Amino acid sequence: MIASGAALAAPRDAAFEAQKPSADAREMVQWVRHSGDAAGRPYIVVDKKEARLYAFDADGRMRASTAVILGAERGDDSAPGVGDRAQTGAFRPGDRTTPAGRFETQPGINIHGEHVVWLDYDAALALHRLRPGRAHAVRAARLADSKPEQRRLSLGCVVVPVQFYRDVVQPLLGRRAGVVYVLPETSEARELITQL
């Protein structure tokens, strides 16, 4: 059962509140702080409905926030076998989702030798920087778009600007384990919280 009202009241983080987070993001951050679920580790909250990421240090203070690119298809679950298909590029309809949930992260390297933060290695789900390549300009423009629905074009990974990855993600999660909470888009954050 989720606590509510005064039980969730935690000191307000002025930097977080200045970002005008959604009610779902605010509820998740309050729950993480109240429950101690991150266990003294840095954590990130990804609000899929807003296509926005909030990064917090191990003390629970917000370090930064950014727009993100998410999976092109709506949905809150990883398709069975998507990790294997990701290795061959043989994606099926329904594979390009960013699953919701709580993920224990591990820093790592992808098959291209690039630094990533693994959320779910078996499902090939990672948090990574905007990658170079043919689609870089298109993806950069979509990442800069103010409309969250325009930032839905990845294969499922959470993609952040290069500078944000270097300045925020790598120092927080690039050398140690952390936690990433990906909020659902087909239900409310409360449903995810009650499962944790």
# chains A, B, ... in the order shown; residues from 1 in each chain; ligands from 1

$ select_by_dssp --residues "region 129-186 of chain A" --states "strand (DSSP E or B)" --output "list of chain:residue names"
A:Arg129, A:Arg152, A:Leu153, A:Ser154, A:Val158, A:Val159, A:Val160, A:Val179, A:Val180, A:Tyr181, A:Val182

$ write_last_selection --atoms "N, CA and C atoms" --output "PDB file, in the first residue's frame"
ATOM      1  N   ARG A 129      24.006   8.083 -24.777  1.00  0.00           N
ATOM      2  CA  ARG A 129      24.043   9.394 -25.427  1.00  0.00           C
ATOM      3  C   ARG A 129      23.482   9.281 -26.844  1.00  0.00           C
ATOM      4  N   ARG A 152       9.759  10.265 -29.680  1.00  0.00           N
ATOM      5  CA  ARG A 152       9.526   8.823 -29.641  1.00  0.00           C
ATOM      6  C   ARG A 152      10.065   8.211 -30.922  1.00  0.00           C
ATOM      7  N   LEU A 153      11.336   7.824 -30.938  1.00  0.00           N
ATOM      8  CA  LEU A 153      11.884   7.247 -32.158  1.00  0.00           C
ATOM      9  C   LEU A 153      13.033   6.282 -31.926  1.00  0.00           C
ATOM     10  N   SER A 154      13.305   5.899 -30.678  1.00  0.00           N
ATOM     11  CA  SER A 154      14.398   4.943 -30.460  1.00  0.00           C
ATOM     12  C   SER A 154      13.882   3.511 -30.587  1.00  0.00           C
ATOM     13  N   VAL A 158      16.739   4.665 -23.684  1.00  0.00           N
ATOM     14  CA  VAL A 158      16.570   6.042 -23.243  1.00  0.00           C
ATOM     15  C   VAL A 158      17.801   6.801 -23.742  1.00  0.00           C
ATOM     16  N   VAL A 159      17.570   7.795 -24.593  1.00  0.00           N
ATOM     17  CA  VAL A 159      18.661   8.513 -25.261  1.00  0.00           C
ATOM     18  C   VAL A 159      18.681   9.964 -24.780  1.00  0.00           C
ATOM     19  N   VAL A 160      19.866  10.422 -24.373  1.00  0.00           N
ATOM     20  CA  VAL A 160      20.032  11.782 -23.861  1.00  0.00           C
ATOM     21  C   VAL A 160      21.047  12.538 -24.721  1.00  0.00           C
ATOM     22  N   VAL A 179      20.061   3.318  -9.674  1.00  0.00           N
ATOM     23  CA  VAL A 179      18.697   2.861  -9.928  1.00  0.00           C
ATOM     24  C   VAL A 179      18.053   3.813 -10.931  1.00  0.00           C
ATOM     25  N   VAL A 180      17.334   3.251 -11.893  1.00  0.00           N
ATOM     26  CA  VAL A 180      16.536   4.049 -12.819  1.00  0.00           C
ATOM     27  C   VAL A 180      15.091   3.598 -12.692  1.00  0.00           C
ATOM     28  N   TYR A 181      14.214   4.566 -12.471  1.00  0.00           N
ATOM     29  CA  TYR A 181      12.779   4.323 -12.394  1.00  0.00           C
ATOM     30  C   TYR A 181      12.166   4.866 -13.674  1.00  0.00           C
ATOM     31  N   VAL A 182      11.592   3.988 -14.492  1.00  0.00           N
ATOM     32  CA  VAL A 182      10.941   4.411 -15.730  1.00  0.00           C
ATOM     33  C   VAL A 182       9.441   4.354 -15.475  1.00  0.00           C
TER      34      VAL A 182
END

$ select_by_dssp --residues "chain A" --states "helix (DSSP H, G or I)" --output "JSON, numbers by chain"
{"A": [5, 6, 7, 8, 14, 15, 16, 17, 18, 23, 24, 25, 26, 27, 28, 29, 30, 31, 32, 33, 34, 35, 82, 83, 84, 85, 86, 87, 88, 121, 122, 123, 136, 137, 138, 139, 140, 141, 142, 143, 144, 148, 149, 150, 151, 162, 163, 164, 165, 166, 167, 168, 169, 170, 171, 172, 173, 189, 190, 191, 192, 193, 194, 195]}

$ residues_around --residues "region 58-71 of chain A" --least-positions-apart "6" --cutoff "9 Å" --atoms "only C-alpha atoms" --output "CSV table (one decimal) with C-alpha atoms, in the first residue's frame"
chain,number,residue,atom,x,y,z
A,13,ASP,CA,13.9,20.1,-3.8
A,14,ALA,CA,13.8,23.6,-5.3
A,15,ALA,CA,15.7,22.5,-8.4
A,16,PHE,CA,13.3,19.6,-9.0
A,19,GLN,CA,11.4,21.9,-13.6
A,29,VAL,CA,10.5,11.1,-6.4
A,32,VAL,CA,12.0,7.1,-3.5
A,33,ARG,CA,13.0,9.7,-0.9
A,38,ALA,CA,17.6,3.9,-3.9
A,39,ALA,CA,19.6,2.8,-0.8
A,40,GLY,CA,22.0,5.7,-0.9
A,41,ARG,CA,22.8,5.3,-4.6
A,42,PRO,CA,22.3,7.9,-7.4
A,43,TYR,CA,19.0,7.5,-9.2
A,46,VAL,CA,12.3,8.8,-16.5
A,48,LYS,CA,7.7,8.6,-20.4
A,50,GLU,CA,6.6,13.9,-20.8
A,51,ALA,CA,9.7,12.3,-22.4
A,52,ARG,CA,11.8,13.8,-19.6
A,95,ASP,CA,9.6,-4.4,-30.0
A,96,ARG,CA,10.4,-0.7,-30.0
A,97,THR,CA,9.0,0.1,-26.5
A,98,THR,CA,10.7,1.5,-23.5
A,99,PRO,CA,9.6,-0.7,-20.6
A,130,LEU,CA,22.8,10.5,-28.8
A,139,ARG,CA,17.4,12.7,-33.8
A,142,ARG,CA,13.6,15.6,-32.4
A,143,LEU,CA,15.4,15.7,-29.1
A,144,ALA,CA,15.2,19.5,-29.1
A,145,ASP,CA,11.4,19.4,-30.0
A,146,SER,CA,9.2,20.7,-27.2
A,148,PRO,CA,7.1,14.8,-26.0
A,150,GLN,CA,8.1,14.0,-31.2
A,151,ARG,CA,10.8,12.4,-29.0
A,152,ARG,CA,9.5,8.8,-29.6
A,153,LEU,CA,11.9,7.2,-32.2
A,154,SER,CA,14.4,4.9,-30.5
A,155,LEU,CA,14.4,1.2,-30.5
A,156,GLY,CA,13.6,1.3,-26.8
A,157,CYS,CA,16.6,2.8,-25.2
A,158,VAL,CA,16.6,6.0,-23.2
A,159,VAL,CA,18.7,8.5,-25.3
A,160,VAL,CA,20.0,11.8,-23.9
A,161,PRO,CA,22.1,14.6,-25.4
A,164,PHE,CA,24.2,15.6,-20.6
A,168,VAL,CA,25.6,14.1,-15.6
A,172,LEU,CA,26.4,9.6,-11.5
A,178,GLY,CA,22.4,3.1,-9.4

$ atom_distance --atom1 "CA of Leu125 (chain A)" --atom2 "CA of Phe103 (chain A)"
10.0 Å

$ closest_residue --among "A:His128, A:Leu183, A:Asp57, A:Gly94" --to "Asn110 (chain A)" --atoms "only C-alpha atoms"
A:His128
